[in-house]
Amino acid sequence: MHPLYVAAALLPVVPALGSVIAALQPGHWSDVSAALVRNVTPDALLYSAICAVVAAPLAGVAVGRWRRLALATALMCAVSAALTFARLGVSAESLQFIATSHAVLACATLALAALGALLGTVFRHPLDAAAVALGVALTAAYGVLVAGAPVGGLSTGLLKAALLASPVMTVAAAAHVDLVRTDIWYQVSPLAHVRLEYPAWGTVCGWYLVAGCAGFVATAIATPKAGQGEGRQ
């Protein structure tokens, strides 16, 4: 099996465990319970988005081929959905939550992978491409949170666009996590003190799919046919 697929399948385990560990007091492993695991499920999805912001663009630079990246994205989200299902159990509410949150996670991950694939063709050296791809992804993900006072003065349209561009914010919203009002960001970000209207999950998926498809098409156009994908297997 291709190492990319192995990494994609294992990646969701990291945020799943991290969400539980973060909820425990140091050394209190006996406090782990089914209720605790269930309650931190939204945090696990948020941590998955954070992992994707780093891993997806780097995978795009390294692999480049959209089929492999799409399959790896599907594999990652399938494992994540299975873990979430195991946490929440069978109910109409949990199935809807799993479907919508993982649709956003999948589309965001694919768009980030397409960004990396495109920059992998633009830059001659893979390390340059990886650095720029990671910088763009992190700026999109966290720029609206750390920009400071100017964010509070943005128009409604620009603020919606900034929220839409952030994979962390969109996945958090789909997972029902009010990220800007958590302890850390409430103190740091002015967004906690303004009224926010998050884009609907269907809108988010649509725009991310458009961005991902555009990125992969541009990658195909920019990649020379002779030796295509050489060194990016």
# chains A, B, ... in the order shown; residues from 1 in each chain; ligands from 1
>>> residues_around(residues="Ala220 of chain A", least_positions_apart="3", cutoff="12 Å", atoms="only C-alpha atoms", output="list in words")
Gly64, Arg65, Trp66, Arg67, Ala114, Ala117, Leu118, Leu119, Gly120, Thr121, Val122, Cys213, Ala214, Gly215, Phe216, Val217, Thr223, Pro224, Lys225, Gln228 and Gly229 of chain A
>>> residues_around(residues="segment 5-20 of chain A", least_positions_apart="3", cutoff="10 Å", atoms="only C-alpha atoms", output="PyMOL selection string")
chain A and resi 1-2+23-24+29+32-33+36-52+55-56+59+68-69+71-84+87
>>> residues_around(residues="Val54 of chain A", least_positions_apart="4", cutoff="12 Å", atoms="only C-alpha atoms", output="PyMOL selection string")
chain A and resi 11+47-50+58-61+108-109+112-113+115-116+130-141+167-168
>>> write_last_selection(atoms="C-alpha atoms", output="PDB file, in the first residue's frame")
ATOM      1  CA  LEU A  11      -4.023  10.518  10.751  1.00  0.00           C
ATOM      2  CA  TYR A  47      -8.104  18.860  15.759  1.00  0.00           C
ATOM      3  CA  SER A  48      -8.558  16.901  12.512  1.00  0.00           C
ATOM      4  CA  ALA A  49      -8.960  20.177  10.640  1.00  0.00           C
ATOM      5  CA  ILE A  50      -5.806  21.530  12.279  1.00  0.00           C
ATOM      6  CA  LEU A  58       2.474  19.063   2.113  1.00  0.00           C
ATOM      7  CA  ALA A  59       0.958  15.901   0.647  1.00  0.00           C
ATOM      8  CA  GLY A  60      -0.110  17.904  -2.396  1.00  0.00           C
ATOM      9  CA  VAL A  61       3.443  19.112  -2.976  1.00  0.00           C
ATOM     10  CA  ALA A 108     -11.431  21.518   2.829  1.00  0.00           C
ATOM     11  CA  THR A 109      -8.719  18.846   2.817  1.00  0.00           C
ATOM     12  CA  LEU A 112      -5.623  22.286   0.630  1.00  0.00           C
ATOM     13  CA  ALA A 113      -4.108  19.321  -1.218  1.00  0.00           C
ATOM     14  CA  LEU A 115      -3.060  24.139  -3.287  1.00  0.00           C
ATOM     15  CA  GLY A 116       0.034  22.091  -2.526  1.00  0.00           C
ATOM     16  CA  ALA A 130       6.115  23.238   0.731  1.00  0.00           C
ATOM     17  CA  ALA A 131       7.035  26.389   2.651  1.00  0.00           C
ATOM     18  CA  VAL A 132       4.773  28.623   0.573  1.00  0.00           C
ATOM     19  CA  ALA A 133       1.899  26.109   0.598  1.00  0.00           C
ATOM     20  CA  LEU A 134       2.114  25.767   4.362  1.00  0.00           C
ATOM     21  CA  GLY A 135       2.322  29.530   4.806  1.00  0.00           C
ATOM     22  CA  VAL A 136      -0.756  30.147   2.652  1.00  0.00           C
ATOM     23  CA  ALA A 137      -2.721  27.379   4.384  1.00  0.00           C
ATOM     24  CA  LEU A 138      -1.875  28.637   7.879  1.00  0.00           C
ATOM     25  CA  THR A 139      -2.665  32.228   6.920  1.00  0.00           C
ATOM     26  CA  ALA A 140      -6.053  31.214   5.530  1.00  0.00           C
ATOM     27  CA  ALA A 141      -6.778  29.041   8.554  1.00  0.00           C
ATOM     28  CA  PRO A 167     -10.695  25.475   7.019  1.00  0.00           C
ATOM     29  CA  VAL A 168     -10.355  25.537  10.800  1.00  0.00           C
TER      30      VAL A 168
END
>>> closest_residue(among="A:Leu88, A:Leu154, A:Ala218, A:Val63", to="Ala34 of chain A", atoms="only C-alpha atoms")
A:Leu88
